[in-house]
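Shown below: protein_33.txt, with compact mmCIF, C-alpha atoms.
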```
# COMPACT_ATOMS: atom_id res chain seq x y z
CA MET L 1 -62.27 49.56 69.97
CA LYS L 2 -63.46 53.11 69.19
CA PHE L 3 -63.46 55.20 66.01
CA ASN L 4 -61.05 57.79 67.39
CA VAL L 5 -58.22 55.29 67.80
CA ALA L 6 -55.45 56.83 65.96
CA SER L 7 -44.11 67.18 7.14
CA ARG L 8 -42.97 69.37 9.90
CA ARG L 9 -46.61 70.23 10.37
CA GLY L 10 -47.55 66.61 9.68
CA SER L 11 -44.92 65.34 12.10
CA GLN L 12 -46.13 67.77 14.76
CA ALA L 13 -49.71 66.57 14.30
CA ALA L 14 -48.58 62.93 14.41
CA SER L 15 -46.59 63.54 17.59
CA PHE L 16 -49.54 65.31 19.18
CA LEU L 17 -51.89 62.43 18.32
CA SER L 18 -49.37 59.89 19.59
CA ILE L 19 -49.20 61.64 22.96
CA GLN L 20 -52.99 61.60 23.24
CA GLN L 21 -53.14 57.94 22.21
CA LEU L 22 -50.59 57.00 24.87
CA LEU L 23 -52.54 58.92 27.50
CA LEU L 24 -55.75 57.24 26.37
CA LEU L 25 -54.22 53.78 26.68
CA GLY L 26 -52.73 54.57 30.07
CA LEU L 27 -55.91 56.05 31.50
CA VAL L 28 -58.02 53.19 30.18
CA ALA L 29 -55.66 50.70 31.79
CA LEU L 30 -55.88 52.55 35.10
CA SER L 31 -59.66 52.77 34.91
CA THR L 32 -60.14 49.00 34.80
CA PRO L 33 -61.81 48.09 38.11
CA VAL L 34 -60.67 45.24 40.31
CA ALA L 35 -62.87 43.07 42.49
CA ALA L 36 -60.77 43.79 45.57
CA SER L 37 -57.68 45.84 46.34
CA ILE L 38 -54.64 44.56 48.21
CA GLY L 39 -55.76 46.25 51.40
CA ASP L 40 -59.17 44.54 51.35
CA ARG L 41 -57.49 41.14 51.45
CA LEU L 42 -55.09 41.85 54.31
CA PRO L 43 -55.96 39.54 57.24
CA GLU L 44 -55.17 42.27 59.77
CA PHE L 45 -57.58 44.65 58.04
CA GLN L 46 -60.38 42.10 57.89
CA GLU L 47 -59.90 41.20 61.56
CA CYS L 48 -59.82 44.87 62.54
CA VAL L 49 -63.14 45.52 60.79
CA ARG L 50 -64.77 42.48 62.42
CA VAL L 51 -63.68 43.54 65.91
CA CYS L 52 -64.64 47.16 65.35
CA GLU L 53 -68.13 46.31 64.11
CA ARG L 54 -68.67 43.91 67.00
CA GLU L 55 -67.60 46.51 69.58
CA ASN L 56 -69.17 49.61 68.01
CA CYS L 57 -72.05 48.57 65.76
CA GLY L 58 -73.91 46.12 68.01
CA PRO L 59 -77.67 46.06 68.53
CA ASP L 60 -77.48 47.20 72.18
CA ALA L 61 -76.44 50.57 73.61
CA GLU L 62 -73.31 49.13 75.20
CA HIS L 63 -71.94 48.23 71.78
CA GLN L 64 -72.96 51.38 69.90
CA THR L 65 -70.54 54.27 69.42
CA PRO L 66 -72.28 57.51 68.41
CA ILE L 67 -71.24 59.07 65.10
CA PRO L 68 -70.69 62.87 65.12
CA LEU L 69 -73.49 64.90 63.56
CA HIS L 70 -71.48 66.32 60.66
CA ARG L 71 -70.53 62.80 59.54
CA ARG L 72 -74.07 61.49 59.98
CA LEU L 73 -75.25 64.34 57.73
CA LEU L 74 -72.85 63.00 55.10
CA LEU L 75 -74.39 59.53 55.50
CA TRP L 76 -71.46 57.86 57.23
CA THR L 77 -72.64 54.59 58.79
CA CYS L 78 -71.12 52.60 61.62
CA PRO L 79 -69.60 49.89 59.38
CA GLN L 80 -68.14 52.60 57.14
CA GLU L 81 -66.63 54.31 60.17
CA CYS L 82 -65.02 51.01 61.13
CA ASP L 83 -63.71 50.53 57.62
CA TYR L 84 -62.17 54.03 57.57
CA THR L 85 -60.65 53.63 61.04
CA CYS L 86 -59.15 50.25 60.24
CA GLN L 87 -57.65 51.49 57.00
CA HIS L 88 -55.61 54.04 58.91
CA LEU L 89 -54.77 51.74 61.81
CA VAL L 90 -53.40 49.12 59.42
CA THR L 91 -51.61 51.73 57.30
CA SER L 92 -49.91 53.23 60.38
CA SER L 93 -48.84 49.76 61.50
CA ARG L 94 -47.45 48.90 58.06
CA LEU L 95 -45.53 52.19 57.91
CA GLN L 96 -43.89 51.44 61.26
CA GLN L 97 -42.97 47.94 60.11
CA ALA L 98 -41.55 49.31 56.86
CA GLN L 99 -38.90 51.25 58.79
CA GLN L 100 -37.32 47.95 59.83
CA SER L 101 -38.00 46.13 56.55
CA PRO L 102 -35.21 45.46 54.01
CA PRO L 103 -35.15 47.27 50.66
CA GLY L 104 -37.47 45.75 48.07
CA SER L 105 -40.21 44.92 50.55
CA PRO L 106 -43.85 45.43 49.47
CA PRO L 107 -45.03 49.05 49.72
CA PRO L 108 -46.55 49.84 53.12
CA ILE L 109 -49.40 52.00 51.78
CA VAL L 110 -51.94 50.05 49.74
CA GLN L 111 -55.39 50.73 48.33
CA TYR L 112 -58.68 49.71 49.93
CA HIS L 113 -61.79 49.28 47.74
CA GLY L 114 -59.86 50.76 44.81
CA LYS L 115 -58.91 53.96 46.69
CA TRP L 116 -55.94 55.16 48.67
CA PRO L 117 -56.47 55.68 52.42
CA PHE L 118 -57.13 59.43 52.62
CA HIS L 119 -57.43 61.46 55.79
CA ARG L 120 -60.93 62.93 55.65
CA PHE L 121 -61.72 66.50 56.69
CA LEU L 122 -65.10 67.37 58.21
CA GLY L 123 -66.35 64.08 56.80
CA ALA L 124 -65.10 64.75 53.26
CA GLN L 125 -63.31 61.67 51.93
CA GLU L 126 -60.91 63.39 49.53
CA PRO L 127 -60.62 66.98 50.78
CA PHE L 128 -58.10 68.28 48.24
CA SER L 129 -60.05 66.87 45.30
CA VAL L 130 -63.08 68.66 46.77
CA LEU L 131 -61.10 71.90 47.13
CA PHE L 132 -59.72 71.80 43.58
CA SER L 133 -63.12 70.85 42.14
CA LEU L 134 -64.54 73.96 43.79
CA GLY L 135 -61.62 75.92 42.32
CA ASN L 136 -62.64 74.76 38.86
CA PHE L 137 -66.26 75.61 39.64
CA TYR L 138 -65.22 79.16 40.51
CA ALA L 139 -63.15 79.45 37.32
CA HIS L 140 -66.31 78.80 35.28
CA TYR L 141 -68.39 81.06 37.52
CA ASP L 142 -65.86 83.86 37.12
CA GLY L 143 -65.68 83.24 33.39
CA LEU L 144 -69.43 83.64 33.05
CA TYR L 145 -70.19 86.56 35.36
CA ASN L 146 -66.96 88.55 35.11
CA LYS L 147 -65.98 87.89 31.50
CA ILE L 148 -68.63 86.52 29.14
CA LEU L 149 -71.68 88.48 30.31
CA PRO L 150 -69.97 91.89 30.82
CA SER L 151 -67.65 91.73 27.78
CA ILE L 152 -69.67 90.04 25.03
CA PRO L 153 -72.88 91.78 23.92
CA ALA L 154 -76.13 89.85 23.72
CA SER L 155 -76.21 90.45 19.96
CA TYR L 156 -73.11 88.30 19.40
CA PRO L 157 -74.41 84.98 17.99
CA LEU L 158 -71.94 82.72 19.85
CA ARG L 159 -72.65 84.25 23.26
CA LYS L 160 -75.40 81.79 24.17
CA TRP L 161 -73.09 78.82 23.52
CA TYR L 162 -70.44 80.32 25.79
CA ILE L 163 -73.01 80.91 28.53
CA TRP L 164 -74.05 77.27 28.37
CA LEU L 165 -70.39 76.26 28.44
CA ALA L 166 -70.09 77.95 31.83
CA TYR L 167 -73.33 76.43 33.15
CA VAL L 168 -72.33 72.91 32.10
CA GLY L 169 -68.84 73.43 33.52
CA MET L 170 -70.18 74.63 36.87
CA ALA L 171 -72.58 71.69 37.09
CA SER L 172 -69.80 69.24 36.27
CA TRP L 173 -67.42 70.55 38.92
CA PHE L 174 -70.16 70.88 41.52
CA PHE L 175 -70.99 67.18 41.17
CA SER L 176 -67.27 66.38 41.19
CA ALA L 177 -66.98 68.13 44.56
CA VAL L 178 -70.01 66.25 45.86
CA PHE L 179 -68.59 62.89 44.71
CA HIS L 180 -65.20 63.50 46.31
CA THR L 181 -66.94 64.55 49.50
CA ARG L 182 -68.84 61.25 49.71
CA ASP L 183 -68.28 58.37 47.34
CA LEU L 184 -71.75 56.83 47.07
CA PRO L 185 -73.43 55.14 44.09
CA VAL L 186 -75.68 58.16 43.44
CA THR L 187 -72.86 60.73 43.75
CA GLU L 188 -70.64 58.63 41.49
CA GLN L 189 -73.32 58.48 38.81
CA LEU L 190 -74.01 62.21 39.00
CA ASP L 191 -70.29 62.93 38.72
CA TYR L 192 -69.83 60.64 35.72
CA PHE L 193 -72.91 61.87 33.89
CA ALA L 194 -72.06 65.54 34.49
CA ALA L 195 -68.45 64.99 33.41
CA GLY L 196 -69.65 63.25 30.26
CA ALA L 197 -72.00 66.14 29.50
CA SER L 198 -69.18 68.64 30.01
CA VAL L 199 -66.77 66.81 27.70
CA LEU L 200 -69.37 66.28 24.98
CA TYR L 201 -70.64 69.86 25.20
CA GLY L 202 -67.03 70.99 24.83
CA LEU L 203 -66.85 69.17 21.51
CA TYR L 204 -70.31 70.41 20.51
CA TYR L 205 -69.63 74.14 20.90
CA SER L 206 -66.07 73.74 19.53
CA VAL L 207 -67.48 72.53 16.20
CA VAL L 208 -70.04 75.33 16.25
CA ARG L 209 -67.34 77.98 16.81
CA ILE L 210 -64.56 76.65 14.60
CA PHE L 211 -66.80 75.87 11.62
CA ARG L 212 -69.17 78.78 12.37
CA LEU L 213 -72.35 76.77 12.39
CA ASP L 214 -73.93 79.76 14.14
CA LYS L 215 -74.07 81.67 10.85
CA ASP L 216 -77.63 82.30 9.70
CA THR L 217 -77.46 80.56 6.34
CA PRO L 218 -79.73 77.66 5.30
CA ARG L 219 -76.84 75.21 4.86
CA ARG L 220 -75.15 75.99 8.17
CA GLN L 221 -78.41 76.01 10.08
CA SER L 222 -79.19 72.55 8.68
CA LEU L 223 -75.74 71.34 9.70
CA LEU L 224 -76.26 72.86 13.14
CA ARG L 225 -79.52 70.97 13.62
CA LEU L 226 -77.90 67.71 12.52
CA TRP L 227 -74.88 68.28 14.78
CA THR L 228 -77.10 69.13 17.74
CA ALA L 229 -79.24 66.03 17.22
CA LEU L 230 -76.14 63.83 16.88
CA CYS L 231 -74.62 65.14 20.13
CA ILE L 232 -77.89 64.66 22.01
CA LEU L 233 -78.17 61.10 20.72
CA MET L 234 -74.56 60.37 21.68
CA TYR L 235 -75.10 61.63 25.22
CA VAL L 236 -78.41 59.79 25.66
CA GLY L 237 -76.77 56.63 24.34
CA HIS L 238 -73.79 57.09 26.67
CA VAL L 239 -75.95 57.52 29.77
CA THR L 240 -78.30 54.71 28.74
CA TYR L 241 -75.42 52.30 28.25
CA LEU L 242 -73.89 53.09 31.64
CA LYS L 243 -77.18 53.11 33.52
CA MET L 244 -79.15 50.35 31.83
CA TRP L 245 -76.56 48.03 30.30
CA SER L 246 -73.19 48.11 32.09
CA TRP L 247 -71.52 50.49 34.54
CA ASP L 248 -68.27 50.13 32.65
CA TYR L 249 -65.38 52.24 34.02
CA THR L 250 -63.10 51.41 31.09
CA TYR L 251 -65.70 52.41 28.51
CA ASN L 252 -66.54 55.61 30.36
CA MET L 253 -62.92 56.71 30.55
CA ALA L 254 -62.23 55.75 26.93
CA ALA L 255 -65.32 57.61 25.69
CA ASN L 256 -64.47 60.80 27.58
CA VAL L 257 -60.80 60.82 26.61
CA ALA L 258 -61.61 60.07 22.96
CA VAL L 259 -64.14 62.92 22.73
CA GLY L 260 -61.74 65.24 24.53
CA ALA L 261 -58.92 64.24 22.17
CA VAL L 262 -61.00 65.21 19.11
CA GLN L 263 -61.77 68.55 20.74
CA ASN L 264 -58.07 69.10 21.51
CA VAL L 265 -57.08 68.35 17.91
CA LEU L 266 -59.66 70.83 16.60
CA TRP L 267 -58.51 73.63 18.89
CA SER L 268 -54.83 72.92 18.26
CA TRP L 269 -55.45 73.17 14.52
CA TYR L 270 -57.51 76.33 14.99
CA SER L 271 -54.88 77.92 17.22
CA TRP L 272 -52.07 77.11 14.81
CA THR L 273 -53.85 78.44 11.69
CA ARG L 274 -55.23 81.51 13.48
CA TYR L 275 -51.86 82.45 14.93
CA ARG L 276 -50.13 82.05 11.57
CA SER L 277 -52.66 84.32 9.86
CA HIS L 278 -53.08 86.96 12.60
CA ARG L 279 -49.76 86.86 14.50
CA LYS L 280 -51.59 87.74 17.71
CA GLY L 281 -50.47 86.22 20.98
CA TRP L 282 -53.96 85.44 22.21
CA ALA L 283 -54.61 83.30 19.12
CA ALA L 284 -52.08 80.78 20.51
CA TRP L 285 -53.89 80.46 23.85
CA PRO L 286 -55.98 77.41 22.79
CA GLY L 287 -52.77 75.55 21.96
CA VAL L 288 -51.32 76.50 25.34
CA VAL L 289 -54.47 75.31 27.10
CA VAL L 290 -54.48 71.99 25.21
CA ALA L 291 -50.82 71.34 26.10
CA TRP L 292 -51.46 72.30 29.73
CA VAL L 293 -54.46 69.99 30.02
CA LEU L 294 -52.49 67.11 28.49
CA VAL L 295 -49.76 67.59 31.10
CA ALA L 296 -52.39 67.74 33.85
CA MET L 297 -54.05 64.61 32.48
CA SER L 298 -50.74 62.77 32.51
CA LEU L 299 -50.60 63.20 36.30
CA GLU L 300 -53.38 60.63 36.51
CA LEU L 301 -50.97 58.03 35.15
CA LEU L 302 -48.73 58.37 38.23
CA ASP L 303 -51.31 57.11 40.75
CA PHE L 304 -49.03 57.44 43.79
CA PRO L 305 -50.07 57.10 47.46
CA PRO L 306 -51.43 60.43 48.73
CA LEU L 307 -48.85 62.79 50.17
CA TRP L 308 -49.62 63.49 53.84
CA GLY L 309 -52.64 61.24 53.33
CA ALA L 310 -54.37 63.99 51.35
CA VAL L 311 -52.82 64.94 47.98
CA ASP L 312 -52.82 62.31 45.24
CA ALA L 313 -52.41 62.33 41.46
CA HIS L 314 -56.16 62.70 40.86
CA SER L 315 -56.40 65.82 43.04
CA LEU L 316 -53.38 67.32 41.25
CA TRP L 317 -55.15 66.64 37.94
CA HIS L 318 -58.07 68.71 39.19
CA ALA L 319 -55.69 71.41 40.42
CA GLY L 320 -54.04 71.51 37.01
CA THR L 321 -57.26 72.38 35.15
CA ILE L 322 -58.09 75.58 37.08
CA ILE L 323 -55.71 77.99 35.34
CA PRO L 324 -56.48 76.64 31.83
CA ALA L 325 -60.17 77.38 32.47
CA VAL L 326 -59.28 80.97 33.41
CA ILE L 327 -57.15 81.35 30.26
CA TRP L 328 -59.91 79.83 28.16
CA TYR L 329 -62.54 82.38 29.11
CA ASN L 330 -60.04 85.17 28.43
CA PHE L 331 -59.53 83.65 24.99
CA LEU L 332 -63.27 83.42 24.28
CA VAL L 333 -63.67 87.11 25.09
CA ARG L 334 -60.69 88.18 22.94
CA ASP L 335 -61.82 85.92 20.10
CA ALA L 336 -65.36 87.32 20.22
CA GLN L 337 -64.12 90.91 20.33
CA ASP L 338 -61.81 90.29 17.37
CA ASP L 339 -64.62 88.61 15.46
CA MET L 340 -66.97 91.55 16.08
CA ALA L 341 -64.28 94.06 15.11
CA ARG L 342 -63.66 92.26 11.79
CA SER L 343 -67.40 92.22 11.10
CA GLU L 344 -67.57 95.97 11.68
CA ARG L 345 -64.64 96.56 9.32
CA LEU L 346 -66.34 94.50 6.62
CA LYS L 347 -69.51 96.57 6.98
CA SER L 348 -67.68 99.89 6.73
```

Could you spell out this file's structure in structure tokens?
Amino acid sequence: MKFNVASRRGSQAASFLSIQQLLLLGLVALSTPVAASIGDRLPEFQECVRVCERENCGPDAEHQTPIPLHRRLLLWTCPQECDYTCQHLVTSSRLQQAQQSPPGSPPPIVQYHGKWPFHRFLGAQEPFSVLFSLGNFYAHYDGLYNKILPSIPASYPLRKWYIWLAYVGMASWFFSAVFHTRDLPVTEQLDYFAAGASVLYGLYYSVVRIFRLDKDTPRRQSLLRLWTALCILMYVGHVTYLKMWSWDYTYNMAANVAVGAVQNVLWSWYSWTRYRSHRKGWAAWPGVVVAWVLVAMSLELLDFPPLWGAVDAHSLWHAGTIIPAVIWYNFLVRDAQDDMARSERLKS
């Protein structure tokens, strides 16, 4: 057996919070890990893996099948090659059997080790999640080098927070691409820690911008120091809990969604009040982005078998956050320019 075998305002706020609470509950429920997936327990899968490892992963040359260089560079081992091959052999067999099965039969495509059986590309386990993660990376790169740096002068006090927003965003999506290329304990941890940093930094700079903690007054500078210290402590505590106490998927998802929900509420409120007072279209962009991200997040609740063995709900979630990132950097530039223009008018 070889590897290549084939009030109104109050009601609106309440509705918005209810949507986020439902998404939080759904995502937390989906994040709960299971000891073994249905596919792991299939007798035909277990037998396939045993035969494959005996024929391809033996101690002697006769029972060793070489692994291509590009997959060895991605740390694919012989048992993992057998596992991948058997997932697709069993899935193909179950799909053929399903054509003759009566309606209501169990679904032919099942998960293995908590994941759907994806077709890898050049050794990457989830190629479309990798592609869309890189798309998000570029959105932050473009936002920094083609929008923030050229359009916002160094004298603008919020500029440094926006620069760090781009850096944290790029780091987060880089590690997301790495994790979806190869799901290993170290890549999973880097992805989770970077994502947590990105979500928490999003809340951090949102409070700084909305409540203008960047202003050089004694009271606001004291609040800024306290807020900075609190966010650092929250992140250190988050990482410490996951790393030293319990690698808890449910907690991690709940923590990230909860922090993101607070950030979304703040920007929705800011967008609504700013648009009402200024009547400028760009002032509504944060509300559009929040709604867009909520829709993209809801895709994760679907959790359907990957289309063509490649595109699943999680990859579509990543795809859905690219355009909002582009809009967001356009908003930051317009908001900064408007803020500087108002400051100039007050001086004159």

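When all atoms listed in the file are used to compute distances to L:Glu81, the closest of the residues L:Ala313, L:Met297, L:Ala61, L:Cys48 turns out to be L:Cys48.
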
Taking only C-alpha atoms into account, produce a table as JSON lines in which each residue of stretch 275-318 of chain L with an atom at most 7 Å from an atom of stretch 107-131 of chain L appears once, together with its shortest atom pair and the distance in Å to one decimal, ordered by chain and rising number.
```
{"residue": "L:Pro305", "atom": "CA", "partner": "L:Trp116", "partner_atom": "CA", "distance": 6.3}
{"residue": "L:Pro306", "atom": "CA", "partner": "L:Trp116", "partner_atom": "CA", "distance": 6.9}
{"residue": "L:Gly309", "atom": "CA", "partner": "L:Phe118", "partner_atom": "CA", "distance": 4.9}
{"residue": "L:Ala310", "atom": "CA", "partner": "L:Phe118", "partner_atom": "CA", "distance": 5.5}
{"residue": "L:Val311", "atom": "CA", "partner": "L:Phe128", "partner_atom": "CA", "distance": 6.3}
{"residue": "L:Ser315", "atom": "CA", "partner": "L:Ser129", "partner_atom": "CA", "distance": 4.4}
{"residue": "L:His318", "atom": "CA", "partner": "L:Ser129", "partner_atom": "CA", "distance": 6.7}
```

Counting only C-alpha atoms, which residues of stretch 29-76 of chain L fall within 9 Å of stretch 90-95 of chain L, and what is the closest atom pair for each with its distance in Å at one decimal, ordered by chain and rising number, as a Markdown table?
```
| residue | atom | partner | partner_atom | distance |
| --- | --- | --- | --- | --- |
| L:Gly39 | CA | L:Val90 | CA | 8.8 |
| L:Glu44 | CA | L:Val90 | CA | 7.1 |
| L:Phe45 | CA | L:Val90 | CA | 6.3 |
| L:Cys48 | CA | L:Val90 | CA | 8.3 |
```

Might you pull out every residue within 7 Å of L:Gly287, with only C-alpha atoms counted and same-chain residues fewer than 2 positions away left off, and present them as a PyMOL selection string?
-> chain L and resi 267-268+271+284-285+289-291

Separation of atom CA of L:Pro324 from atom CA of L:Gly169 in Å | 12.9 Å

Identify, on the basis of only C-alpha atoms, every residue whose closest approach to L:Val168 does not exceed 12 Å; exclude the query and any residue fewer than 4 positions from it along the same chain; express the result as a VMD selection string.
-> chain L and resid 136 to 137 140 to 141 144 161 to 164 172 to 175 193 to 202 205

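For L:Met340, the list of residues within 12 Å, based on all atoms listed in the file and with local chain neighbours fewer than 3 positions off taken out, reads L:Ser151, L:Ile152, L:Pro153, L:Ser155, L:Tyr156, L:Pro157, L:Leu158, L:Arg159, L:Val333, L:Arg334, L:Asp335, L:Ala336, L:Gln337, L:Ser343, L:Glu344, L:Arg345, L:Leu346, L:Lys347.
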
Neighbouring residues of L:His238 were defined as those with any atom within 12 Å, considering all atoms listed in the file; residues of the same chain fewer than 6 positions away were excluded. Please report them as a PDB file with C-alpha atoms, in the frame of the given file.
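Once written, out_38.pdb looks like this:
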```pdb
ATOM      1  CA  TYR L 192     -69.830  60.640  35.720  1.00  0.00           C
ATOM      2  CA  PHE L 193     -72.910  61.870  33.890  1.00  0.00           C
ATOM      3  CA  ALA L 194     -72.060  65.540  34.490  1.00  0.00           C
ATOM      4  CA  ALA L 195     -68.450  64.990  33.410  1.00  0.00           C
ATOM      5  CA  GLY L 196     -69.650  63.250  30.260  1.00  0.00           C
ATOM      6  CA  ALA L 197     -72.000  66.140  29.500  1.00  0.00           C
ATOM      7  CA  LEU L 200     -69.370  66.280  24.980  1.00  0.00           C
ATOM      8  CA  CYS L 231     -74.620  65.140  20.130  1.00  0.00           C
ATOM      9  CA  ILE L 232     -77.890  64.660  22.010  1.00  0.00           C
ATOM     10  CA  MET L 244     -79.150  50.350  31.830  1.00  0.00           C
ATOM     11  CA  TRP L 245     -76.560  48.030  30.300  1.00  0.00           C
ATOM     12  CA  SER L 246     -73.190  48.110  32.090  1.00  0.00           C
ATOM     13  CA  TRP L 247     -71.520  50.490  34.540  1.00  0.00           C
ATOM     14  CA  ASP L 248     -68.270  50.130  32.650  1.00  0.00           C
ATOM     15  CA  TYR L 251     -65.700  52.410  28.510  1.00  0.00           C
ATOM     16  CA  ASN L 252     -66.540  55.610  30.360  1.00  0.00           C
ATOM     17  CA  MET L 253     -62.920  56.710  30.550  1.00  0.00           C
ATOM     18  CA  ALA L 254     -62.230  55.750  26.930  1.00  0.00           C
ATOM     19  CA  ALA L 255     -65.320  57.610  25.690  1.00  0.00           C
ATOM     20  CA  ASN L 256     -64.470  60.800  27.580  1.00  0.00           C
ATOM     21  CA  VAL L 259     -64.140  62.920  22.730  1.00  0.00           C
TER      22      VAL L 259
END
```

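For the atom pair formed by atom CA of L:Cys82 and atom CA of L:Arg50, the distance is 8.6 Å, given to one decimal.
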
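Reported to one decimal place, the separation of atom CA of L:Leu184 from atom CA of L:Leu75 is 9.2 Å.
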
Closest of L:Arg54, L:Arg220, L:His314, L:Lys147 to L:Ile327, counting all atoms listed in the file, is L:Lys147

Which residue of L:Leu165, L:Ile38, L:Cys78, L:Ala325 approaches L:Pro106 most closely, using all atoms listed in the file = L:Ile38

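Minimum atom-to-atom distances from L:Asp214, L:Asp312, L:Asp83, L:Asp338 to L:Val49 were compared using all atoms listed in the file, and the lowest value belongs to L:Asp83.
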